[in-house]
Amino acid sequence: MTTFPKFLAIAAWLAVTFSAALLGGQFMPDEWFASLQKPSWNPPGWIFGPVWTALYTMMAVAAWLVWRQGGWSMQRKPLLIFLAQLALNAAWTPLFFGLHNPGLAFLDILLVWLAIIATIAAFWPVNRTAAALLIPYLAWVSFAMFLNFTIWRLNT
């Protein structure tokens with residue numbers, strides 16, 4: 001595999017992965033969110049951009065590392081699991097900020113969390129570095145899931 005196709009492949013995985021962020025960018029916090037009760041440990045808004053940028057980058061590199069082990073023909077299952085968790089990830093922001101539905105968003109983020117675990121398990125036998133790159137994502141989503149649950153409970 002030459003350098004140019006590798007570059008195109010990583011660029012494609014970055015584009016696919018960051019498409020989830022582009023969808024989320026259509027649903028930003030608004031007056032509704034500002035009016036919600038939040039726990040004292042709610043992070044400041046500015047932290048989410050840098051954290052998600054790092055996480056989406058690591059996710060894309062992880063998918064690329066798995067893809068490099070035979071492409072779609074050999075890694076269809078782990079890559080489809082990755083894409084399923086990415087779709088669930090992309091759904092959270094419209095559910096929470098778009099529909100103003102923390103309960104439904106909590107159900108979605110629980111599914112995201114399970115899908116990340118499934119992705120790590122599917123990536124592990126193919127490329128352990130790829131699996132390890134998803135651990136910070138799992139940690140952040142674990143925190144975000146607890147925050148989502150807490151906001152939901154505080155406001156029902």
# chains A, B, ... in the order shown; residues from 1 in each chain; ligands from 1
$ closest_atom_pairs --of "segment 17-95 of chain A" --to "segment 108-114 of chain A" --cutoff "12 Å" --atoms "only C-alpha atoms" --output "Markdown table"
| residue | atom | partner | partner_atom | distance |
| --- | --- | --- | --- | --- |
| A:Ile81 | CA | A:Leu114 | CA | 10.8 |
| A:Phe82 | CA | A:Val112 | CA | 10.4 |
| A:Leu83 | CA | A:Val112 | CA | 11.1 |
| A:Ala84 | CA | A:Val112 | CA | 8.8 |
| A:Gln85 | CA | A:Val112 | CA | 5.6 |
| A:Leu86 | CA | A:Val112 | CA | 7.9 |
| A:Ala87 | CA | A:Val112 | CA | 8.7 |
| A:Leu88 | CA | A:Val112 | CA | 5.6 |
| A:Asn89 | CA | A:Val112 | CA | 5.9 |
| A:Ala90 | CA | A:Val112 | CA | 9.5 |
| A:Ala91 | CA | A:Asp108 | CA | 7.3 |
| A:Trp92 | CA | A:Asp108 | CA | 6.1 |
| A:Thr93 | CA | A:Asp108 | CA | 9.8 |
| A:Pro94 | CA | A:Asp108 | CA | 10.7 |
| A:Leu95 | CA | A:Asp108 | CA | 8.3 |
$ residues_around --residues "Leu36 of chain A" --least-positions-apart "5" --cutoff "9 Å" --atoms "only C-alpha atoms" --output "JSON, numbers by chain"
{"A": [31, 151, 154, 155]}
$ write_last_selection --atoms "N, CA and C atoms" --output "PDB file, in the first residue's frame"
ATOM      1  N   GLU A  31     -31.799  28.428  24.868  1.00  0.00           N
ATOM      2  CA  GLU A  31     -32.408  28.901  26.123  1.00  0.00           C
ATOM      3  C   GLU A  31     -32.965  27.743  26.945  1.00  0.00           C
ATOM      4  N   ILE A 151     -28.969  15.296  34.693  1.00  0.00           N
ATOM      5  CA  ILE A 151     -29.769  16.429  34.184  1.00  0.00           C
ATOM      6  C   ILE A 151     -31.207  15.987  33.964  1.00  0.00           C
ATOM      7  N   LEU A 154     -32.842  15.669  37.422  1.00  0.00           N
ATOM      8  CA  LEU A 154     -33.007  16.974  38.074  1.00  0.00           C
ATOM      9  C   LEU A 154     -34.164  17.783  37.469  1.00  0.00           C
ATOM     10  N   ASN A 155     -34.539  17.454  36.249  1.00  0.00           N
ATOM     11  CA  ASN A 155     -35.518  18.272  35.529  1.00  0.00           C
ATOM     12  C   ASN A 155     -36.819  17.523  35.215  1.00  0.00           C
TER      13      ASN A 155
END
$ closest_residue --among "A:Ala130, A:Met145, A:Leu23, A:Leu99" --to "Trp67 of chain A" --atoms "only C-alpha atoms"
A:Ala130
$ closest_residue --among "A:Asn127, A:Ser40, A:Thr57, A:Asn148" --to "Leu107 of chain A" --atoms "only C-alpha atoms"
A:Asn148
$ atom_distance --atom1 "atom CA of His100 of chain A" --atom2 "atom CA of Phe33 of chain A"
8.0 Å
$ residues_around --residues "Leu147 of chain A" --least-positions-apart "3" --cutoff "12 Å" --atoms "only C-alpha atoms" --output "mmCIF file with N, CA and C atoms, in the first residue's frame"
data_model
loop_
_atom_site.group_PDB
_atom_site.id
_atom_site.type_symbol
_atom_site.label_atom_id
_atom_site.label_comp_id
_atom_site.auth_asym_id
_atom_site.auth_seq_id
_atom_site.Cartn_x
_atom_site.Cartn_y
_atom_site.Cartn_z
ATOM 1 N N GLN A 37 -31.835 22.717 35.271
ATOM 2 C CA GLN A 37 -30.999 22.531 36.456
ATOM 3 C C GLN A 37 -29.878 21.562 36.076
ATOM 4 N N LYS A 38 -28.667 21.901 36.509
ATOM 5 C CA LYS A 38 -27.509 21.059 36.214
ATOM 6 C C LYS A 38 -26.734 20.824 37.499
ATOM 7 N N PRO A 39 -26.016 19.713 37.575
ATOM 8 C CA PRO A 39 -25.218 19.457 38.782
ATOM 9 C C PRO A 39 -24.046 20.438 38.867
ATOM 10 N N SER A 40 -23.530 20.597 40.061
ATOM 11 C CA SER A 40 -22.402 21.518 40.268
ATOM 12 C C SER A 40 -21.165 21.080 39.485
ATOM 13 N N TRP A 41 -21.071 19.817 39.147
ATOM 14 C CA TRP A 41 -19.916 19.284 38.438
ATOM 15 C C TRP A 41 -20.087 19.293 36.916
ATOM 16 N N ASN A 42 -21.141 19.969 36.443
ATOM 17 C CA ASN A 42 -21.347 20.116 34.993
ATOM 18 C C ASN A 42 -20.156 20.886 34.404
ATOM 19 N N PRO A 43 -19.481 20.328 33.399
ATOM 20 C CA PRO A 43 -18.307 21.022 32.861
ATOM 21 C C PRO A 43 -18.701 22.305 32.122
ATOM 22 N N PRO A 102 -34.122 14.820 27.326
ATOM 23 C CA PRO A 102 -33.007 14.162 28.010
ATOM 24 C C PRO A 102 -33.248 12.678 28.279
ATOM 25 N N GLY A 103 -34.505 12.274 28.460
ATOM 26 C CA GLY A 103 -34.793 10.863 28.710
ATOM 27 C C GLY A 103 -34.484 10.005 27.499
ATOM 28 N N ALA A 105 -32.548 10.904 25.040
ATOM 29 C CA ALA A 105 -31.103 11.042 24.828
ATOM 30 C C ALA A 105 -30.339 10.098 25.753
ATOM 31 N N PHE A 106 -30.834 9.918 26.989
ATOM 32 C CA PHE A 106 -30.177 8.983 27.901
ATOM 33 C C PHE A 106 -30.240 7.555 27.358
ATOM 34 N N ILE A 109 -27.640 7.377 24.654
ATOM 35 C CA ILE A 109 -26.241 7.351 25.113
ATOM 36 C C ILE A 109 -25.913 6.025 25.804
ATOM 37 N N LEU A 110 -26.904 5.399 26.413
ATOM 38 C CA LEU A 110 -26.699 4.057 26.954
ATOM 39 C C LEU A 110 -26.380 3.084 25.818
ATOM 40 N N TRP A 140 -15.158 9.090 28.396
ATOM 41 C CA TRP A 140 -15.903 10.346 28.254
ATOM 42 C C TRP A 140 -17.401 10.079 28.138
ATOM 43 N N VAL A 141 -17.779 9.076 27.362
ATOM 44 C CA VAL A 141 -19.202 8.759 27.217
ATOM 45 C C VAL A 141 -19.763 8.248 28.533
ATOM 46 N N SER A 142 -18.966 7.547 29.327
ATOM 47 C CA SER A 142 -19.422 7.123 30.654
ATOM 48 C C SER A 142 -19.756 8.345 31.506
ATOM 49 N N PHE A 143 -18.862 9.327 31.495
ATOM 50 C CA PHE A 143 -19.112 10.582 32.219
ATOM 51 C C PHE A 143 -20.333 11.299 31.650
ATOM 52 N N ALA A 144 -20.396 11.413 30.327
ATOM 53 C CA ALA A 144 -21.515 12.105 29.676
ATOM 54 C C ALA A 144 -22.844 11.406 29.955
ATOM 55 N N THR A 150 -28.227 12.615 35.182
ATOM 56 C CA THR A 150 -28.404 13.553 36.289
ATOM 57 C C THR A 150 -29.251 14.756 35.848
ATOM 58 N N ILE A 151 -28.969 15.296 34.693
ATOM 59 C CA ILE A 151 -29.769 16.429 34.184
ATOM 60 C C ILE A 151 -31.207 15.987 33.964
ATOM 61 N N TRP A 152 -31.405 14.822 33.399
ATOM 62 C CA TRP A 152 -32.749 14.298 33.183
ATOM 63 C C TRP A 152 -33.512 14.202 34.514
ATOM 64 N N ARG A 153 -32.868 13.611 35.519
ATOM 65 C CA ARG A 153 -33.528 13.410 36.819
ATOM 66 C C ARG A 153 -33.771 14.749 37.533
ATOM 67 N N LEU A 154 -32.842 15.669 37.422
ATOM 68 C CA LEU A 154 -33.007 16.974 38.074
ATOM 69 C C LEU A 154 -34.164 17.783 37.469
#
$ closest_residue --among "A:Ile47, A:Tyr56, A:Met28, A:Gln75" --to "Pro125 of chain A" --atoms "only C-alpha atoms"
A:Gln75
$ closest_residue --among "A:Val51, A:Ala115, A:Leu80, A:Ala60" --to "Pro136 of chain A" --atoms "only C-alpha atoms"
A:Val51
$ closest_residue --among "A:Ala54, A:Leu133, A:Ala21, A:Val16" --to "Ile120 of chain A" --atoms "only C-alpha atoms"
A:Leu133
$ closest_residue --among "A:Trp64, A:Ile116, A:Trp72, A:Leu104" --to "Leu8 of chain A" --atoms "only C-alpha atoms"
A:Trp64
$ select_by_dssp --residues "segment 19-124 of chain A" --states "alpha helix (DSSP H)" --output "VMD selection string"
chain A and resid 19 to 24 31 to 35 48 to 67 71 to 93 102 to 123
$ write_last_selection --atoms "C-alpha atoms" --output "PDB file, in the first residue's frame"
ATOM      1  CA  SER A  19     -19.761  13.770  10.033  1.00  0.00           C
ATOM      2  CA  ALA A  20     -21.285  12.884  13.414  1.00  0.00           C
ATOM      3  CA  ALA A  21     -19.955  16.177  14.771  1.00  0.00           C
ATOM      4  CA  LEU A  22     -21.327  18.066  11.773  1.00  0.00           C
ATOM      5  CA  LEU A  23     -24.787  16.714  12.479  1.00  0.00           C
ATOM      6  CA  GLY A  24     -24.452  17.608  16.143  1.00  0.00           C
ATOM      7  CA  GLU A  31     -32.408  28.901  26.123  1.00  0.00           C
ATOM      8  CA  TRP A  32     -34.050  25.588  26.970  1.00  0.00           C
ATOM      9  CA  PHE A  33     -30.688  24.112  27.958  1.00  0.00           C
ATOM     10  CA  ALA A  34     -29.700  27.256  29.854  1.00  0.00           C
ATOM     11  CA  SER A  35     -32.906  26.962  31.903  1.00  0.00           C
ATOM     12  CA  PHE A  48     -16.747  19.980  24.771  1.00  0.00           C
ATOM     13  CA  GLY A  49     -15.219  21.179  21.478  1.00  0.00           C
ATOM     14  CA  PRO A  50     -11.615  20.237  22.273  1.00  0.00           C
ATOM     15  CA  VAL A  51     -12.588  16.956  23.927  1.00  0.00           C
ATOM     16  CA  TRP A  52     -14.791  15.820  21.050  1.00  0.00           C
ATOM     17  CA  THR A  53     -12.209  16.902  18.471  1.00  0.00           C
ATOM     18  CA  ALA A  54      -9.613  14.693  20.147  1.00  0.00           C
ATOM     19  CA  LEU A  55     -12.053  11.808  20.565  1.00  0.00           C
ATOM     20  CA  TYR A  56     -13.340  11.899  16.966  1.00  0.00           C
ATOM     21  CA  THR A  57      -9.752  11.999  15.725  1.00  0.00           C
ATOM     22  CA  MET A  58      -8.816   8.949  17.816  1.00  0.00           C
ATOM     23  CA  MET A  59     -11.981   7.162  16.663  1.00  0.00           C
ATOM     24  CA  ALA A  60     -11.110   7.802  12.997  1.00  0.00           C
ATOM     25  CA  VAL A  61      -7.537   6.590  13.473  1.00  0.00           C
ATOM     26  CA  ALA A  62      -8.849   3.472  15.227  1.00  0.00           C
ATOM     27  CA  ALA A  63     -11.224   2.677  12.349  1.00  0.00           C
ATOM     28  CA  TRP A  64      -8.437   3.328   9.855  1.00  0.00           C
ATOM     29  CA  LEU A  65      -6.079   0.968  11.694  1.00  0.00           C
ATOM     30  CA  VAL A  66      -8.692  -1.784  11.525  1.00  0.00           C
ATOM     31  CA  TRP A  67      -9.505  -1.011   7.892  1.00  0.00           C
ATOM     32  CA  GLY A  71     -10.178  -3.428   4.154  1.00  0.00           C
ATOM     33  CA  TRP A  72     -13.915  -3.937   4.014  1.00  0.00           C
ATOM     34  CA  SER A  73     -13.627  -7.462   2.652  1.00  0.00           C
ATOM     35  CA  MET A  74     -11.806  -8.734   5.740  1.00  0.00           C
ATOM     36  CA  GLN A  75     -12.996  -6.301   8.428  1.00  0.00           C
ATOM     37  CA  ARG A  76     -16.642  -5.758   7.507  1.00  0.00           C
ATOM     38  CA  LYS A  77     -18.045  -6.803  10.914  1.00  0.00           C
ATOM     39  CA  PRO A  78     -15.841  -4.628  13.177  1.00  0.00           C
ATOM     40  CA  LEU A  79     -16.179  -1.659  10.812  1.00  0.00           C
ATOM     41  CA  LEU A  80     -19.976  -2.007  10.661  1.00  0.00           C
ATOM     42  CA  ILE A  81     -20.073  -2.120  14.472  1.00  0.00           C
ATOM     43  CA  PHE A  82     -17.959   1.057  14.476  1.00  0.00           C
ATOM     44  CA  LEU A  83     -20.360   2.751  12.048  1.00  0.00           C
ATOM     45  CA  ALA A  84     -23.374   1.658  14.133  1.00  0.00           C
ATOM     46  CA  GLN A  85     -21.897   3.234  17.283  1.00  0.00           C
ATOM     47  CA  LEU A  86     -21.076   6.356  15.265  1.00  0.00           C
ATOM     48  CA  ALA A  87     -24.695   6.601  14.090  1.00  0.00           C
ATOM     49  CA  LEU A  88     -25.916   6.259  17.677  1.00  0.00           C
ATOM     50  CA  ASN A  89     -23.385   8.908  18.705  1.00  0.00           C
ATOM     51  CA  ALA A  90     -24.676  11.257  15.986  1.00  0.00           C
ATOM     52  CA  ALA A  91     -28.269  10.776  17.193  1.00  0.00           C
ATOM     53  CA  TRP A  92     -27.630  12.012  20.737  1.00  0.00           C
ATOM     54  CA  THR A  93     -27.329  15.751  20.044  1.00  0.00           C
ATOM     55  CA  PRO A 102     -33.007  14.162  28.010  1.00  0.00           C
ATOM     56  CA  GLY A 103     -34.793  10.863  28.710  1.00  0.00           C
ATOM     57  CA  LEU A 104     -34.651   9.689  25.108  1.00  0.00           C
ATOM     58  CA  ALA A 105     -31.103  11.042  24.828  1.00  0.00           C
ATOM     59  CA  PHE A 106     -30.177   8.983  27.901  1.00  0.00           C
ATOM     60  CA  LEU A 107     -31.509   5.830  26.233  1.00  0.00           C
ATOM     61  CA  ASP A 108     -29.455   6.679  23.157  1.00  0.00           C
ATOM     62  CA  ILE A 109     -26.241   7.351  25.113  1.00  0.00           C
ATOM     63  CA  LEU A 110     -26.699   4.057  26.954  1.00  0.00           C
ATOM     64  CA  LEU A 111     -26.819   2.362  23.543  1.00  0.00           C
ATOM     65  CA  VAL A 112     -23.752   4.375  22.459  1.00  0.00           C
ATOM     66  CA  TRP A 113     -21.911   3.146  25.559  1.00  0.00           C
ATOM     67  CA  LEU A 114     -22.803  -0.489  24.809  1.00  0.00           C
ATOM     68  CA  ALA A 115     -21.863  -0.025  21.153  1.00  0.00           C
ATOM     69  CA  ILE A 116     -18.465   1.408  22.115  1.00  0.00           C
ATOM     70  CA  ILE A 117     -17.803  -1.680  24.246  1.00  0.00           C
ATOM     71  CA  ALA A 118     -18.845  -3.865  21.291  1.00  0.00           C
ATOM     72  CA  THR A 119     -16.548  -1.865  18.996  1.00  0.00           C
ATOM     73  CA  ILE A 120     -13.599  -2.224  21.367  1.00  0.00           C
ATOM     74  CA  ALA A 121     -14.267  -5.971  21.582  1.00  0.00           C
ATOM     75  CA  ALA A 122     -14.486  -6.236  17.779  1.00  0.00           C
ATOM     76  CA  PHE A 123     -11.330  -4.146  17.232  1.00  0.00           C
TER      77      PHE A 123
END
$ atom_distance --atom1 "atom CA of Phe146 of chain A" --atom2 "atom CA of Phe18 of chain A"
23.7 Å
$ atom_distance --atom1 "atom CA of Pro5 of chain A" --atom2 "atom CA of Leu138 of chain A"
29.6 Å
$ decode --residues "segment 19-33 of chain A" --atoms "C-alpha atoms" --output "PDB file, in the first residue's frame"
ATOM      1  CA  SER A  19     -19.761  13.770  10.033  1.00  0.00           C
ATOM      2  CA  ALA A  20     -21.285  12.884  13.414  1.00  0.00           C
ATOM      3  CA  ALA A  21     -19.955  16.177  14.771  1.00  0.00           C
ATOM      4  CA  LEU A  22     -21.327  18.066  11.773  1.00  0.00           C
ATOM      5  CA  LEU A  23     -24.787  16.714  12.479  1.00  0.00           C
ATOM      6  CA  GLY A  24     -24.452  17.608  16.143  1.00  0.00           C
ATOM      7  CA  GLY A  25     -23.373  21.109  15.197  1.00  0.00           C
ATOM      8  CA  GLN A  26     -26.856  21.718  13.846  1.00  0.00           C
ATOM      9  CA  PHE A  27     -28.263  21.439  17.402  1.00  0.00           C
ATOM     10  CA  MET A  28     -26.500  23.748  19.800  1.00  0.00           C
ATOM     11  CA  PRO A  29     -27.420  24.556  23.417  1.00  0.00           C
ATOM     12  CA  ASP A  30     -30.189  27.141  23.562  1.00  0.00           C
ATOM     13  CA  GLU A  31     -32.408  28.901  26.123  1.00  0.00           C
ATOM     14  CA  TRP A  32     -34.050  25.588  26.970  1.00  0.00           C
ATOM     15  CA  PHE A  33     -30.688  24.112  27.958  1.00  0.00           C
TER      16      PHE A  33
END
